Amino acid sequence: MIRVVLPAHLRSLAGIQGEVTLDVPGPVTQRSVLDALEARYPALSGTLRDQVTAERRAFIRFFACREDLSHESPDAPLPAAVASGDEPFLVIGAIAGG
Amino acid sequence: MSGVRLLVGTRKGAFVLTSDAKRDRWDLSGPHFAGWEIYHAKASPADPERIYASQSSGWSGQVVQRSSDGGKTWEVVGNKFAYQGTPGTHQWYDGTPHPWEFKRVWHLEPSLTDPDTVYAGVEDAAIFRSTDGAQTWQELPGLRNHASGPHWQPGAGGMCLHTIILDPSDPKRMFIAISAAGAFRTDDGGETWKPINRGLHSGFMPDPAAEVGHCVHHVAMHPSRPGVLFMQKHWDVMRSDNAGDLWTEVSGNLPTDFGFVIDVHAHQPDTIYVVPITSDALHYPPDGKLRVYRSRSGGNEWEPLTRGLPQSDCYVNVLRDSMSVDSLDPCGVYFGTTGGQVYASADAGDNWTPIVRDLPAVLSVEAQTLE
């Protein structure tokens, strides 16, 4: 199972309590994890990736295993510890005030 | 029992205020969508329990919410706003070409007759329509593809389509306004659009009377007289008696003709309201006095309405979608400020009361009269 941690405003939007756990078929990549996340919670569509271009939104970052994965290819394999469920895939909102 | 429901959008969520017809006691619910910017929320005239709300944030983009029970519960609906075809470019602030990029929905205008049909005015400027209760959106590309489109440019708040007016006497006619392109009208249901800016004069433009480029802040119409439009432009309050074909200035004796809101009395089509703001550099009322100005003659002659409004040390702004009227008798008038107050008058503007004082900055106010 893949573990995903979302910022509070997105947990609230999608009615999520705590961590999300997902079954991700096939290779575990940013794209496959986010596709599975949006399939489970359609309210999140467009909030992490642009609805039209499917690119990561500018003020959203992805981290795992203390590494910034935001600029990795969406089709690159995520770390083994994420694929095994030992470490969560972290979605972080930029610290941008407001 | 009749009453009023106010839908208030703010920088940090939506609030719903309700009252009976006396309009002297208000109950507040919210914040709904706490922490998100709510540019606009509006109910369907065809089904008063159906409400659409535009929810957005700099982090997570655009979300559209729909309620089927008058705002008690909400569901997330479609947020895919894809420009049709290759979007092309408009002008950036410095005059260079800039790609059209969807940023947010500024205004949602439900159909007058079908609760599942709703229009969205977006930034960068375009109009979208949904006919399935906001699950899916289709652009009406004839507007953005108007020959003048590559010359449109953003105002300070972005290149937003902020005003959509549906003509109750002609389902094929709509009016829209864009900062800073100007006003446009369609007479064929949104297939084709024509600029309706003749008579506008904008001193900041190389050609002050150009066909497009005017920073229209808001337009209002009385449903009984759909050919008559009132406009608060960046500077100047304007009136058209021929559906926008020609505008004349009606600023008259206003202390300043800069401002954002304009609205029309529910029962007196020649009674209109504005809130003068000092200037484009000074986005607060003149002399620290928050005054609504009312004209009973469709413009030119204006009277200040001050009872109950702060008359010293007031430096808030009133943004373009933040004034609304109910249709009770006497007509109720409402407006919200960037200081988080919502002021209400249950007597057409003679007396005002802050019905809530400490909300986040108010972006929009819509009054809904409940039967």
# chains A, B, ... in the order shown; residues from 1 in each chain; ligands from 1
>>> interface_residues(of="chain A", to="chain B", cutoff="10 Å", atoms="only C-alpha atoms", output="PyMOL selection string")
chain A and resi 9-10+12-14+42-53+56-61+92-96+98
>>> closest_atom_pairs(of="segment 64-93 of chain B", to="segment 147-164 of chain B", cutoff="12 Å", atoms="only C-alpha atoms", output="tab-separated table")
residue	atom	partner	partner_atom	distance
B:Pro87	CA	B:Pro150	CA	10.2
B:Gly88	CA	B:Pro150	CA	7.7
B:Thr89	CA	B:Pro150	CA	5.6
B:His90	CA	B:Pro150	CA	4.1
B:Gln91	CA	B:Gln153	CA	4.8
B:Trp92	CA	B:Gln153	CA	5.8
B:Tyr93	CA	B:Gln153	CA	6.5
>>> atom_distance(atom1="atom CA of Asn145 of chain B", atom2="atom CA of Gln84 of chain B")
9.7 Å
>>> residues_around(residues="Phe63 of chain A", least_positions_apart="5", cutoff="12 Å", atoms="only C-alpha atoms", output="PyMOL selection string")
chain A and resi 4-6+30+68-72+78-79+82+87-94
>>> closest_residue(among="A:Ala8, A:Arg66, A:Pro77, A:Met1", to="Val24 of chain A", atoms="only C-alpha atoms")
A:Met1
>>> residues_around(residues="Val28 of chain A", least_positions_apart="4", cutoff="12 Å", atoms="only C-alpha atoms", output="list in words")
Met1, Ile2, Arg3, Leu22, Asp23, Val24, Ser32, Val33, Leu34, Asp35, Ala36, Pro74, Asp75, Ala76, Pro77, Leu78, Pro79, Ala80, Ala81, Val82, Ala83, Ser84, Gly85 and Phe89 of chain A
>>> write_last_selection(atoms="N, CA, C and O atoms", output="mmCIF file, in the first residue's frame")
data_model
loop_
_atom_site.group_PDB
_atom_site.id
_atom_site.type_symbol
_atom_site.label_atom_id
_atom_site.label_comp_id
_atom_site.auth_asym_id
_atom_site.auth_seq_id
_atom_site.Cartn_x
_atom_site.Cartn_y
_atom_site.Cartn_z
ATOM 1 N N MET A 1 0.844 -1.200 0.000
ATOM 2 C CA MET A 1 0.000 0.000 0.000
ATOM 3 C C MET A 1 0.877 1.247 0.000
ATOM 4 O O MET A 1 1.883 1.319 0.696
ATOM 5 N N ILE A 2 0.477 2.225 -0.794
ATOM 6 C CA ILE A 2 1.199 3.498 -0.847
ATOM 7 C C ILE A 2 0.558 4.447 0.146
ATOM 8 O O ILE A 2 -0.676 4.551 0.223
ATOM 9 N N ARG A 3 1.387 5.136 0.892
ATOM 10 C CA ARG A 3 0.884 6.113 1.864
ATOM 11 C C ARG A 3 1.084 7.525 1.306
ATOM 12 O O ARG A 3 2.168 7.854 0.809
ATOM 13 N N LEU A 22 -3.247 3.866 -0.570
ATOM 14 C CA LEU A 22 -3.716 3.568 -1.933
ATOM 15 C C LEU A 22 -3.116 2.274 -2.435
ATOM 16 O O LEU A 22 -1.931 1.983 -2.177
ATOM 17 N N ASP A 23 -3.913 1.534 -3.180
ATOM 18 C CA ASP A 23 -3.409 0.416 -3.979
ATOM 19 C C ASP A 23 -3.024 0.967 -5.330
ATOM 20 O O ASP A 23 -3.877 1.516 -6.026
ATOM 21 N N VAL A 24 -1.780 0.871 -5.705
ATOM 22 C CA VAL A 24 -1.353 1.415 -6.994
ATOM 23 C C VAL A 24 -0.880 0.258 -7.866
ATOM 24 O O VAL A 24 0.158 -0.348 -7.594
ATOM 25 N N SER A 32 1.390 7.582 -11.344
ATOM 26 C CA SER A 32 0.465 6.504 -10.982
ATOM 27 C C SER A 32 -0.136 6.740 -9.598
ATOM 28 O O SER A 32 -1.309 6.433 -9.356
ATOM 29 N N VAL A 33 0.664 7.299 -8.692
ATOM 30 C CA VAL A 33 0.139 7.575 -7.349
ATOM 31 C C VAL A 33 -0.930 8.670 -7.417
ATOM 32 O O VAL A 33 -2.012 8.552 -6.826
ATOM 33 N N LEU A 34 -0.639 9.735 -8.165
ATOM 34 C CA LEU A 34 -1.603 10.843 -8.242
ATOM 35 C C LEU A 34 -2.851 10.435 -9.011
ATOM 36 O O LEU A 34 -3.966 10.862 -8.672
ATOM 37 N N ASP A 35 -2.677 9.612 -10.050
ATOM 38 C CA ASP A 35 -3.858 9.098 -10.761
ATOM 39 C C ASP A 35 -4.751 8.299 -9.803
ATOM 40 O O ASP A 35 -5.983 8.447 -9.805
ATOM 41 N N ALA A 36 -4.126 7.446 -9.003
ATOM 42 C CA ALA A 36 -4.907 6.637 -8.056
ATOM 43 C C ALA A 36 -5.564 7.510 -6.993
ATOM 44 O O ALA A 36 -6.709 7.275 -6.595
ATOM 45 N N PRO A 74 7.493 12.743 -13.844
ATOM 46 C CA PRO A 74 6.325 12.095 -13.224
ATOM 47 C C PRO A 74 6.287 10.588 -13.464
ATOM 48 O O PRO A 74 5.546 9.874 -12.784
ATOM 49 N N ASP A 75 7.071 10.117 -14.408
ATOM 50 C CA ASP A 75 7.073 8.681 -14.686
ATOM 51 C C ASP A 75 8.291 7.966 -14.092
ATOM 52 O O ASP A 75 8.485 6.774 -14.335
ATOM 53 N N ALA A 76 9.124 8.687 -13.341
ATOM 54 C CA ALA A 76 10.268 8.040 -12.683
ATOM 55 C C ALA A 76 9.773 7.227 -11.495
ATOM 56 O O ALA A 76 8.823 7.638 -10.812
ATOM 57 N N PRO A 77 10.379 6.074 -11.245
ATOM 58 C CA PRO A 77 9.955 5.281 -10.081
ATOM 59 C C PRO A 77 10.171 6.073 -8.796
ATOM 60 O O PRO A 77 11.189 6.747 -8.633
ATOM 61 N N LEU A 78 9.214 5.989 -7.899
ATOM 62 C CA LEU A 78 9.388 6.607 -6.580
ATOM 63 C C LEU A 78 10.301 5.721 -5.742
ATOM 64 O O LEU A 78 10.490 4.527 -6.056
ATOM 65 N N PRO A 79 10.914 6.244 -4.689
ATOM 66 C CA PRO A 79 11.829 5.437 -3.872
ATOM 67 C C PRO A 79 11.172 4.125 -3.398
ATOM 68 O O PRO A 79 9.958 4.084 -3.159
ATOM 69 N N ALA A 80 12.004 3.114 -3.247
ATOM 70 C CA ALA A 80 11.490 1.795 -2.851
ATOM 71 C C ALA A 80 10.733 1.872 -1.533
ATOM 72 O O ALA A 80 9.738 1.154 -1.336
ATOM 73 N N ALA A 81 11.182 2.744 -0.651
ATOM 74 C CA ALA A 81 10.518 2.839 0.658
ATOM 75 C C ALA A 81 9.096 3.394 0.527
ATOM 76 O O ALA A 81 8.233 3.092 1.351
ATOM 77 N N VAL A 82 8.852 4.187 -0.526
ATOM 78 C CA VAL A 82 7.488 4.654 -0.783
ATOM 79 C C VAL A 82 6.667 3.513 -1.375
ATOM 80 O O VAL A 82 5.526 3.256 -0.968
ATOM 81 N N ALA A 83 7.292 2.803 -2.326
ATOM 82 C CA ALA A 83 6.576 1.701 -2.978
ATOM 83 C C ALA A 83 6.208 0.603 -1.979
ATOM 84 O O ALA A 83 5.170 -0.060 -2.116
ATOM 85 N N SER A 84 7.040 0.443 -0.955
ATOM 86 C CA SER A 84 6.766 -0.613 0.030
ATOM 87 C C SER A 84 5.842 -0.147 1.147
ATOM 88 O O SER A 84 5.401 -0.940 1.980
ATOM 89 N N GLY A 85 5.599 1.169 1.184
ATOM 90 C CA GLY A 85 4.725 1.705 2.236
ATOM 91 C C GLY A 85 5.457 2.051 3.521
ATOM 92 O O GLY A 85 4.827 2.450 4.507
ATOM 93 N N PHE A 89 4.462 9.351 0.739
ATOM 94 C CA PHE A 89 4.648 10.340 -0.325
ATOM 95 C C PHE A 89 4.010 11.627 0.191
ATOM 96 O O PHE A 89 2.820 11.650 0.530
#
>>> residues_around(residues="Ala126 of chain B", least_positions_apart="5", cutoff="8 Å", atoms="only C-alpha atoms", output="ChimeraX atom specification")
/B:121,139-141,143-144,160-161
>>> residues_around(residues="segment 321-326 of chain B", least_positions_apart="6", cutoff="8 Å", atoms="only C-alpha atoms", output="list in words")
Val4, His40, His162, His218, Val261, Ile262, Asp263, Val264, His265, Ala266, Gly332, Val333, Tyr334, Phe335, Gly336, Thr337, Val362, Leu363, Ser364, Val365, Glu366, Ala367, Gln368 and Thr369 of chain B
>>> closest_residue(among="B:His32, B:Thr96, B:Asn317, B:Asp236", to="Ala361 of chain B", atoms="only C-alpha atoms")
B:Asn317
>>> select_by_dssp(residues="chain A", states="strand (DSSP E or B)", output="PyMOL selection string")
chain A and resi 2-5+20-22+29+49+56+60-64+67-68+77+89-93
